[in-house]
Amino acid sequence: MRSDKEMFDLILGVAQNDERIRAVYMNGSRTNPNAPKDIFRDYDIVYVVTETASFINDEKWISIFGELLMIQEPDKNDKLVGMAMDFERSYGYLMLFKDGNRIDLRIQTKEEMIECYEKDKLTIPLLDKDKILPLIPDPTDIDYHVKKPTKAMFISCYNDFWWCLQNVAKGIWRGELPYAKQMFEYVIRVRLDEMVSWWIGTKHDFQVSTGKMGKYFKKYLPEPYWEMYKETYSDSDYDNLWNSIFVTCELFRALSQDVAGYFSFIYPVEDDINMTEYLKQVRNLPVDARGIIN
């Protein structure tokens with residue numbers, strides 16, 4: 001695997017030797033002082049160019065970066081499915097190389113750069129031939145810190161969590177595995193993760209990021225809570241799914257009550273009790289059940 005130095009020498013060398021490339025900057029995890037440093041960190045690079053057409057028309061120009069394992073061109077894909085894309089201003093290449101390195105490269109015109117350069121606070125200038133890159137502060141991940149919930153956000157979170165669990169329950173009883181699993185993962189887990197993030201925020205004065213899709217939960221959750229969180233994942237066995245549901249409820253309850261206490265919000269104890277009892281009843285229903293649950 002090529003070293004960091006080799007990769008940066010290559011990225012900047014290409015830019016230095018190409019008159020079409022006038023500036024280079026980087027964003028992403030490599031600019032974040034709080035992000036873990038490992039071999040899977042991408043090189044999120046932007047080339048500010050005089051025009052994009054000559055790059056896009058020459059499909060082989062990116063071979064200079066190394067032997068590709070796979071490439072994705074997200075702008076091309078978006079255009080193929082009917083989205084309006086302006087290739088004259090910006091175009092991206094996501095490149096995974098056979099040595100394991102990955103470069104997410106975007107070419108953009110000066111006009112495009114001016115519009116977006118200062119929007120991402122995790123940005124570092126690497127090369128500026130014409131002094132066109134605006135002056136910016138040192139990179140910070142402050143934009144990605146957990147944000148404090150409003151009372152309305154807290155209410156929406158717990159209400160959606162407890163309400164939508166009945167959808168998971170009926171999906172299991174009906175034997176509708178895809179529905180039950182997706183309702184759990186795309187609705188219930190979203191609300192659980194929201195509460196996890198707020199709880200972590202309360203413990204760190206809302207000065208930390210829990211990462212994309214909660215990837216830093218393990219770092220910030222106490223071991224007992226992390227063990228519970230892991231148990232919220234289950235396989236296709238319905239008994240295991242039920243077990244994960246009740247662990248999820250237990251974890252959500254504990255975190256929500258702490259968050260409510262921190263902000264002087266009211267936790268919906270009655271909804272919690274009623275829905276927990278409902279879930280227990282549905283779990284014990286026979287497959288040929290009729291009538292109303294008592």
# chains A, B, ... in the order shown; residues from 1 in each chain; ligands from 1
>>> residues_around(residues="A:Lys119", least_positions_apart="4", cutoff="12 Å", atoms="only C-alpha atoms", output="PyMOL selection string")
chain A and resi 27+112-115+123+134+136-137+139-140+143
>>> write_last_selection(atoms="all heavy atoms", output="mmCIF file, in the first residue's frame")
data_model
loop_
_atom_site.group_PDB
_atom_site.id
_atom_site.type_symbol
_atom_site.label_atom_id
_atom_site.label_comp_id
_atom_site.auth_asym_id
_atom_site.auth_seq_id
_atom_site.Cartn_x
_atom_site.Cartn_y
_atom_site.Cartn_z
ATOM 1 N N ASN A 27 -10.772 17.942 1.944
ATOM 2 C CA ASN A 27 -11.688 17.918 3.075
ATOM 3 C C ASN A 27 -11.884 16.473 3.508
ATOM 4 O O ASN A 27 -11.127 15.603 3.103
ATOM 5 C CB ASN A 27 -13.030 18.613 2.725
ATOM 6 C CG ASN A 27 -13.529 18.248 1.342
ATOM 7 O OD1 ASN A 27 -13.442 17.091 0.943
ATOM 8 N ND2 ASN A 27 -14.018 19.226 0.607
ATOM 9 N N GLU A 112 -17.434 27.472 -9.171
ATOM 10 C CA GLU A 112 -18.023 26.482 -8.270
ATOM 11 C C GLU A 112 -17.297 26.484 -6.932
ATOM 12 O O GLU A 112 -17.917 26.380 -5.869
ATOM 13 C CB GLU A 112 -17.949 25.092 -8.911
ATOM 14 C CG GLU A 112 -18.525 23.973 -8.068
ATOM 15 C CD GLU A 112 -20.043 23.969 -8.031
ATOM 16 O OE1 GLU A 112 -20.676 24.748 -8.778
ATOM 17 O OE2 GLU A 112 -20.608 23.183 -7.239
ATOM 18 N N MET A 113 -15.979 26.579 -6.970
ATOM 19 C CA MET A 113 -15.191 26.600 -5.738
ATOM 20 C C MET A 113 -15.581 27.772 -4.852
ATOM 21 O O MET A 113 -15.749 27.622 -3.638
ATOM 22 C CB MET A 113 -13.695 26.691 -6.083
ATOM 23 C CG MET A 113 -12.762 26.806 -4.883
ATOM 24 S SD MET A 113 -12.526 28.505 -4.271
ATOM 25 C CE MET A 113 -11.619 29.237 -5.643
ATOM 26 N N ILE A 114 -15.762 28.946 -5.453
ATOM 27 C CA ILE A 114 -16.113 30.136 -4.678
ATOM 28 C C ILE A 114 -17.422 29.930 -3.927
ATOM 29 O O ILE A 114 -17.599 30.398 -2.801
ATOM 30 C CB ILE A 114 -16.190 31.367 -5.606
ATOM 31 C CG1 ILE A 114 -14.778 31.742 -6.073
ATOM 32 C CG2 ILE A 114 -16.843 32.545 -4.900
ATOM 33 C CD1 ILE A 114 -14.741 32.835 -7.131
ATOM 34 N N GLU A 115 -18.347 29.183 -4.520
ATOM 35 C CA GLU A 115 -19.646 28.959 -3.893
ATOM 36 C C GLU A 115 -19.603 27.966 -2.739
ATOM 37 O O GLU A 115 -20.399 28.052 -1.812
ATOM 38 C CB GLU A 115 -20.653 28.469 -4.944
ATOM 39 C CG GLU A 115 -21.087 29.545 -5.922
ATOM 40 C CD GLU A 115 -22.209 29.066 -6.819
ATOM 41 O OE1 GLU A 115 -22.801 27.995 -6.516
ATOM 42 O OE2 GLU A 115 -22.497 29.749 -7.817
ATOM 43 N N THR A 123 -11.803 21.787 5.874
ATOM 44 C CA THR A 123 -11.136 22.036 4.595
ATOM 45 C C THR A 123 -9.725 22.544 4.830
ATOM 46 O O THR A 123 -9.494 23.386 5.706
ATOM 47 C CB THR A 123 -11.934 23.065 3.765
ATOM 48 O OG1 THR A 123 -13.215 22.519 3.446
ATOM 49 C CG2 THR A 123 -11.204 23.411 2.477
ATOM 50 N N PRO A 134 -9.938 31.327 -0.968
ATOM 51 C CA PRO A 134 -10.168 32.282 0.135
ATOM 52 C C PRO A 134 -9.459 31.833 1.411
ATOM 53 O O PRO A 134 -9.233 30.639 1.639
ATOM 54 C CB PRO A 134 -11.690 32.234 0.314
ATOM 55 C CG PRO A 134 -12.223 31.708 -0.977
ATOM 56 C CD PRO A 134 -11.192 30.754 -1.482
ATOM 57 N N ILE A 136 -9.276 30.796 5.124
ATOM 58 C CA ILE A 136 -10.237 30.116 6.004
ATOM 59 C C ILE A 136 -9.550 29.766 7.319
ATOM 60 O O ILE A 136 -8.324 29.632 7.374
ATOM 61 C CB ILE A 136 -10.800 28.832 5.359
ATOM 62 C CG1 ILE A 136 -9.653 27.906 4.928
ATOM 63 C CG2 ILE A 136 -11.712 29.158 4.188
ATOM 64 C CD1 ILE A 136 -10.121 26.542 4.422
ATOM 65 N N PRO A 137 -10.320 29.579 8.393
ATOM 66 C CA PRO A 137 -9.745 29.174 9.681
ATOM 67 C C PRO A 137 -9.235 27.731 9.615
ATOM 68 O O PRO A 137 -9.495 26.994 8.647
ATOM 69 C CB PRO A 137 -10.918 29.299 10.661
ATOM 70 C CG PRO A 137 -11.972 30.071 9.940
ATOM 71 C CD PRO A 137 -11.765 29.826 8.488
ATOM 72 N N PRO A 139 -9.153 23.802 10.216
ATOM 73 C CA PRO A 139 -10.312 22.903 10.132
ATOM 74 C C PRO A 139 -10.863 22.525 11.501
ATOM 75 O O PRO A 139 -10.125 22.361 12.473
ATOM 76 C CB PRO A 139 -9.746 21.668 9.410
ATOM 77 C CG PRO A 139 -8.280 21.728 9.634
ATOM 78 C CD PRO A 139 -7.924 23.182 9.689
ATOM 79 N N THR A 140 -12.178 22.379 11.564
ATOM 80 C CA THR A 140 -12.857 21.984 12.791
ATOM 81 C C THR A 140 -14.073 21.158 12.424
ATOM 82 O O THR A 140 -14.704 21.388 11.382
ATOM 83 C CB THR A 140 -13.292 23.201 13.623
ATOM 84 O OG1 THR A 140 -14.101 22.758 14.721
ATOM 85 C CG2 THR A 140 -14.091 24.176 12.795
ATOM 86 N N ASP A 143 -19.285 21.645 12.869
ATOM 87 C CA ASP A 143 -20.556 21.506 12.154
ATOM 88 C C ASP A 143 -21.161 20.115 12.324
ATOM 89 O O ASP A 143 -22.348 19.910 12.041
ATOM 90 C CB ASP A 143 -20.364 21.792 10.662
ATOM 91 C CG ASP A 143 -20.180 23.280 10.378
ATOM 92 O OD1 ASP A 143 -20.487 24.091 11.266
ATOM 93 O OD2 ASP A 143 -19.725 23.619 9.266
#
>>> residues_around(residues="stretch 94-105 of chain A", least_positions_apart="3", cutoff="8 Å", atoms="only C-alpha atoms", output="mmCIF file with all heavy atoms, in the first residue's frame")
data_model
loop_
_atom_site.group_PDB
_atom_site.id
_atom_site.type_symbol
_atom_site.label_atom_id
_atom_site.label_comp_id
_atom_site.auth_asym_id
_atom_site.auth_seq_id
_atom_site.Cartn_x
_atom_site.Cartn_y
_atom_site.Cartn_z
ATOM 1 N N MET A 1 0.847 -1.198 0.000
ATOM 2 C CA MET A 1 0.000 0.000 0.000
ATOM 3 C C MET A 1 0.880 1.245 0.000
ATOM 4 O O MET A 1 1.786 1.384 0.829
ATOM 5 C CB MET A 1 -0.915 0.009 1.237
ATOM 6 C CG MET A 1 -1.981 1.066 1.220
ATOM 7 S SD MET A 1 -3.110 0.888 2.641
ATOM 8 C CE MET A 1 -4.417 2.022 2.169
ATOM 9 N N ARG A 2 0.630 2.153 -0.932
ATOM 10 C CA ARG A 2 1.414 3.376 -0.993
ATOM 11 C C ARG A 2 1.217 4.216 0.268
ATOM 12 O O ARG A 2 0.117 4.289 0.812
ATOM 13 C CB ARG A 2 1.009 4.184 -2.228
ATOM 14 C CG ARG A 2 1.502 3.605 -3.543
ATOM 15 C CD ARG A 2 0.834 4.265 -4.728
ATOM 16 N NE ARG A 2 -0.592 3.928 -4.803
ATOM 17 C CZ ARG A 2 -1.437 4.435 -5.706
ATOM 18 N NH1 ARG A 2 -0.997 5.313 -6.592
ATOM 19 N NH2 ARG A 2 -2.702 4.070 -5.709
ATOM 20 N N ILE A 39 -5.782 2.941 7.982
ATOM 21 C CA ILE A 39 -5.448 2.720 6.575
ATOM 22 C C ILE A 39 -6.639 2.925 5.641
ATOM 23 O O ILE A 39 -6.466 2.956 4.419
ATOM 24 C CB ILE A 39 -4.884 1.300 6.361
ATOM 25 C CG1 ILE A 39 -5.935 0.242 6.770
ATOM 26 C CG2 ILE A 39 -3.593 1.113 7.124
ATOM 27 C CD1 ILE A 39 -5.521 -1.181 6.419
ATOM 28 N N PHE A 40 -7.843 3.081 6.194
ATOM 29 C CA PHE A 40 -9.019 3.232 5.352
ATOM 30 C C PHE A 40 -9.426 4.692 5.146
ATOM 31 O O PHE A 40 -10.468 4.962 4.538
ATOM 32 C CB PHE A 40 -10.201 2.446 5.934
ATOM 33 C CG PHE A 40 -10.048 0.959 5.776
ATOM 34 C CD1 PHE A 40 -9.645 0.176 6.845
ATOM 35 C CD2 PHE A 40 -10.280 0.350 4.560
ATOM 36 C CE1 PHE A 40 -9.485 -1.194 6.710
ATOM 37 C CE2 PHE A 40 -10.134 -1.014 4.403
ATOM 38 C CZ PHE A 40 -9.732 -1.801 5.476
ATOM 39 N N ARG A 41 -8.630 5.617 5.634
ATOM 40 C CA ARG A 41 -8.972 7.021 5.414
ATOM 41 C C ARG A 41 -8.848 7.367 3.928
ATOM 42 O O ARG A 41 -7.826 7.105 3.300
ATOM 43 C CB ARG A 41 -8.061 7.934 6.226
ATOM 44 C CG ARG A 41 -8.332 7.913 7.719
ATOM 45 C CD ARG A 41 -7.576 9.041 8.417
ATOM 46 N NE ARG A 41 -6.129 8.922 8.210
ATOM 47 C CZ ARG A 41 -5.262 9.891 8.463
ATOM 48 N NH1 ARG A 41 -5.674 11.056 8.920
ATOM 49 N NH2 ARG A 41 -3.967 9.704 8.263
ATOM 50 N N ASP A 42 -9.901 7.966 3.379
ATOM 51 C CA ASP A 42 -9.887 8.379 1.976
ATOM 52 C C ASP A 42 -9.065 9.661 1.823
ATOM 53 O O ASP A 42 -8.847 10.393 2.787
ATOM 54 C CB ASP A 42 -11.306 8.662 1.477
ATOM 55 C CG ASP A 42 -12.252 7.497 1.720
ATOM 56 O OD1 ASP A 42 -11.764 6.364 1.842
ATOM 57 O OD2 ASP A 42 -13.470 7.748 1.794
ATOM 58 N N TYR A 43 -8.672 9.902 0.597
ATOM 59 C CA TYR A 43 -8.106 11.194 0.225
ATOM 60 C C TYR A 43 -9.222 11.960 -0.488
ATOM 61 O O TYR A 43 -9.525 11.691 -1.655
ATOM 62 C CB TYR A 43 -6.894 11.021 -0.692
ATOM 63 C CG TYR A 43 -5.731 10.325 -0.035
ATOM 64 C CD1 TYR A 43 -5.661 8.931 -0.001
ATOM 65 C CD2 TYR A 43 -4.699 11.047 0.568
ATOM 66 C CE1 TYR A 43 -4.594 8.281 0.612
ATOM 67 C CE2 TYR A 43 -3.620 10.394 1.180
ATOM 68 C CZ TYR A 43 -3.580 9.013 1.199
ATOM 69 O OH TYR A 43 -2.523 8.363 1.811
ATOM 70 N N ASP A 44 -9.886 12.864 0.238
ATOM 71 C CA ASP A 44 -10.980 13.656 -0.337
ATOM 72 C C ASP A 44 -10.377 14.929 -0.922
ATOM 73 O O ASP A 44 -10.109 15.892 -0.193
ATOM 74 C CB ASP A 44 -12.019 13.977 0.739
ATOM 75 C CG ASP A 44 -12.723 12.718 1.233
ATOM 76 O OD1 ASP A 44 -13.498 12.154 0.460
ATOM 77 O OD2 ASP A 44 -12.480 12.318 2.384
ATOM 78 N N ILE A 45 -10.170 14.905 -2.230
ATOM 79 C CA ILE A 45 -9.401 15.934 -2.913
ATOM 80 C C ILE A 45 -10.268 16.683 -3.915
ATOM 81 O O ILE A 45 -11.113 16.087 -4.596
ATOM 82 C CB ILE A 45 -8.208 15.307 -3.668
ATOM 83 C CG1 ILE A 45 -7.311 14.516 -2.701
ATOM 84 C CG2 ILE A 45 -7.413 16.372 -4.406
ATOM 85 C CD1 ILE A 45 -6.633 15.346 -1.628
ATOM 86 N N VAL A 46 -10.042 17.995 -3.998
ATOM 87 C CA VAL A 46 -10.708 18.808 -5.015
ATOM 88 C C VAL A 46 -9.645 19.507 -5.852
ATOM 89 O O VAL A 46 -8.746 20.158 -5.302
ATOM 90 C CB VAL A 46 -11.646 19.856 -4.388
ATOM 91 C CG1 VAL A 46 -12.323 20.674 -5.493
ATOM 92 C CG2 VAL A 46 -12.695 19.192 -3.503
ATOM 93 N N TYR A 47 -9.729 19.344 -7.170
ATOM 94 C CA TYR A 47 -8.912 20.098 -8.105
ATOM 95 C C TYR A 47 -9.752 21.255 -8.645
ATOM 96 O O TYR A 47 -10.844 21.029 -9.184
ATOM 97 C CB TYR A 47 -8.482 19.232 -9.287
ATOM 98 C CG TYR A 47 -7.333 18.278 -9.033
ATOM 99 C CD1 TYR A 47 -6.991 17.324 -9.985
ATOM 100 C CD2 TYR A 47 -6.558 18.346 -7.874
ATOM 101 C CE1 TYR A 47 -5.942 16.448 -9.792
ATOM 102 C CE2 TYR A 47 -5.507 17.482 -7.665
ATOM 103 C CZ TYR A 47 -5.199 16.531 -8.627
ATOM 104 O OH TYR A 47 -4.143 15.658 -8.419
ATOM 105 N N GLY A 66 -3.058 5.432 -10.428
ATOM 106 C CA GLY A 66 -2.778 4.056 -10.031
ATOM 107 C C GLY A 66 -3.717 3.063 -10.687
ATOM 108 O O GLY A 66 -4.630 3.439 -11.432
ATOM 109 N N GLU A 67 -3.492 1.782 -10.376
ATOM 110 C CA GLU A 67 -4.295 0.717 -10.958
ATOM 111 C C GLU A 67 -5.604 0.579 -10.193
ATOM 112 O O GLU A 67 -5.617 0.295 -8.997
ATOM 113 C CB GLU A 67 -3.518 -0.605 -10.916
ATOM 114 C CG GLU A 67 -4.132 -1.696 -11.759
ATOM 115 C CD GLU A 67 -3.260 -2.943 -11.830
ATOM 116 O OE1 GLU A 67 -2.195 -2.966 -11.174
ATOM 117 O OE2 GLU A 67 -3.665 -3.887 -12.535
ATOM 118 N N LEU A 68 -6.686 0.794 -10.904
ATOM 119 C CA LEU A 68 -8.002 0.811 -10.276
ATOM 120 C C LEU A 68 -8.522 -0.585 -9.979
ATOM 121 O O LEU A 68 -8.379 -1.503 -10.789
ATOM 122 C CB LEU A 68 -9.009 1.525 -11.172
ATOM 123 C CG LEU A 68 -8.955 3.050 -11.201
ATOM 124 C CD1 LEU A 68 -9.807 3.573 -12.343
ATOM 125 C CD2 LEU A 68 -9.439 3.625 -9.872
ATOM 126 N N LEU A 69 -9.140 -0.713 -8.809
ATOM 127 C CA LEU A 69 -9.926 -1.898 -8.490
ATOM 128 C C LEU A 69 -11.371 -1.668 -8.922
ATOM 129 O O LEU A 69 -12.004 -2.545 -9.505
ATOM 130 C CB LEU A 69 -9.867 -2.189 -6.982
ATOM 131 C CG LEU A 69 -10.610 -3.428 -6.498
ATOM 132 C CD1 LEU A 69 -9.901 -4.683 -6.999
ATOM 133 C CD2 LEU A 69 -10.666 -3.460 -4.968
ATOM 134 N N MET A 70 -11.872 -0.463 -8.659
ATOM 135 C CA MET A 70 -13.224 -0.075 -9.079
ATOM 136 C C MET A 70 -13.335 1.433 -9.016
ATOM 137 O O MET A 70 -12.623 2.088 -8.255
ATOM 138 C CB MET A 70 -14.293 -0.727 -8.187
ATOM 139 C CG MET A 70 -15.714 -0.483 -8.661
ATOM 140 S SD MET A 70 -16.934 -1.435 -7.716
ATOM 141 C CE MET A 70 -18.446 -0.838 -8.491
ATOM 142 N N ILE A 71 -14.234 1.958 -9.842
ATOM 143 C CA ILE A 71 -14.476 3.397 -9.852
ATOM 144 C C ILE A 71 -15.975 3.651 -9.884
ATOM 145 O O ILE A 71 -16.739 2.861 -10.451
ATOM 146 C CB ILE A 71 -13.803 4.074 -11.059
ATOM 147 C CG1 ILE A 71 -14.007 5.595 -11.012
ATOM 148 C CG2 ILE A 71 -14.341 3.514 -12.379
ATOM 149 C CD1 ILE A 71 -13.209 6.354 -12.064
ATOM 150 N N GLN A 72 -16.390 4.717 -9.243
ATOM 151 C CA GLN A 72 -17.758 5.195 -9.360
ATOM 152 C C GLN A 72 -17.705 6.660 -9.766
ATOM 153 O O GLN A 72 -16.912 7.441 -9.223
ATOM 154 C CB GLN A 72 -18.530 5.053 -8.039
ATOM 155 C CG GLN A 72 -19.985 5.493 -8.155
ATOM 156 C CD GLN A 72 -20.757 5.366 -6.858
ATOM 157 O OE1 GLN A 72 -20.682 6.260 -6.024
ATOM 158 N NE2 GLN A 72 -21.481 4.275 -6.678
ATOM 159 N N GLU A 73 -18.575 7.021 -10.716
ATOM 160 C CA GLU A 73 -18.710 8.415 -11.131
ATOM 161 C C GLU A 73 -20.135 8.847 -10.785
ATOM 162 O O GLU A 73 -21.056 8.701 -11.590
ATOM 163 C CB GLU A 73 -18.410 8.550 -12.621
ATOM 164 C CG GLU A 73 -16.970 8.175 -12.962
ATOM 165 C CD GLU A 73 -16.682 8.156 -14.456
ATOM 166 O OE1 GLU A 73 -16.807 9.230 -15.087
ATOM 167 O OE2 GLU A 73 -16.345 7.075 -14.973
ATOM 168 N N PRO A 74 -20.336 9.353 -9.572
ATOM 169 C CA PRO A 74 -21.696 9.617 -9.079
ATOM 170 C C PRO A 74 -22.464 10.625 -9.914
ATOM 171 O O PRO A 74 -23.683 10.497 -10.066
ATOM 172 C CB PRO A 74 -21.468 10.120 -7.658
ATOM 173 C CG PRO A 74 -20.043 10.572 -7.622
ATOM 174 C CD PRO A 74 -19.310 9.696 -8.571
#
>>> closest_residue(among="A:Met83, A:Leu279, A:Val146, A:Ile132", to="A:Asp205", atoms="only C-alpha atoms")
A:Val146
>>> closest_residue(among="A:Met228, A:Val49, A:Cys116, A:Ala35", to="A:Glu19", atoms="only C-alpha atoms")
A:Val49
>>> select_by_dssp(residues="stretch 80-267 of chain A", states="alpha helix (DSSP H)", output="VMD selection string")
chain A and resid 80 110 to 116 151 to 173 177 to 183 189 to 203 217 to 220 223 to 231 238 to 263
>>> select_by_dssp(residues="stretch 116-207 of chain A", states="strand (DSSP E)", output="count of residues only")
6
>>> closest_residue(among="A:Glu223, A:Asp128, A:Asp141, A:Asp78", to="A:Val24", atoms="only C-alpha atoms")
A:Asp128
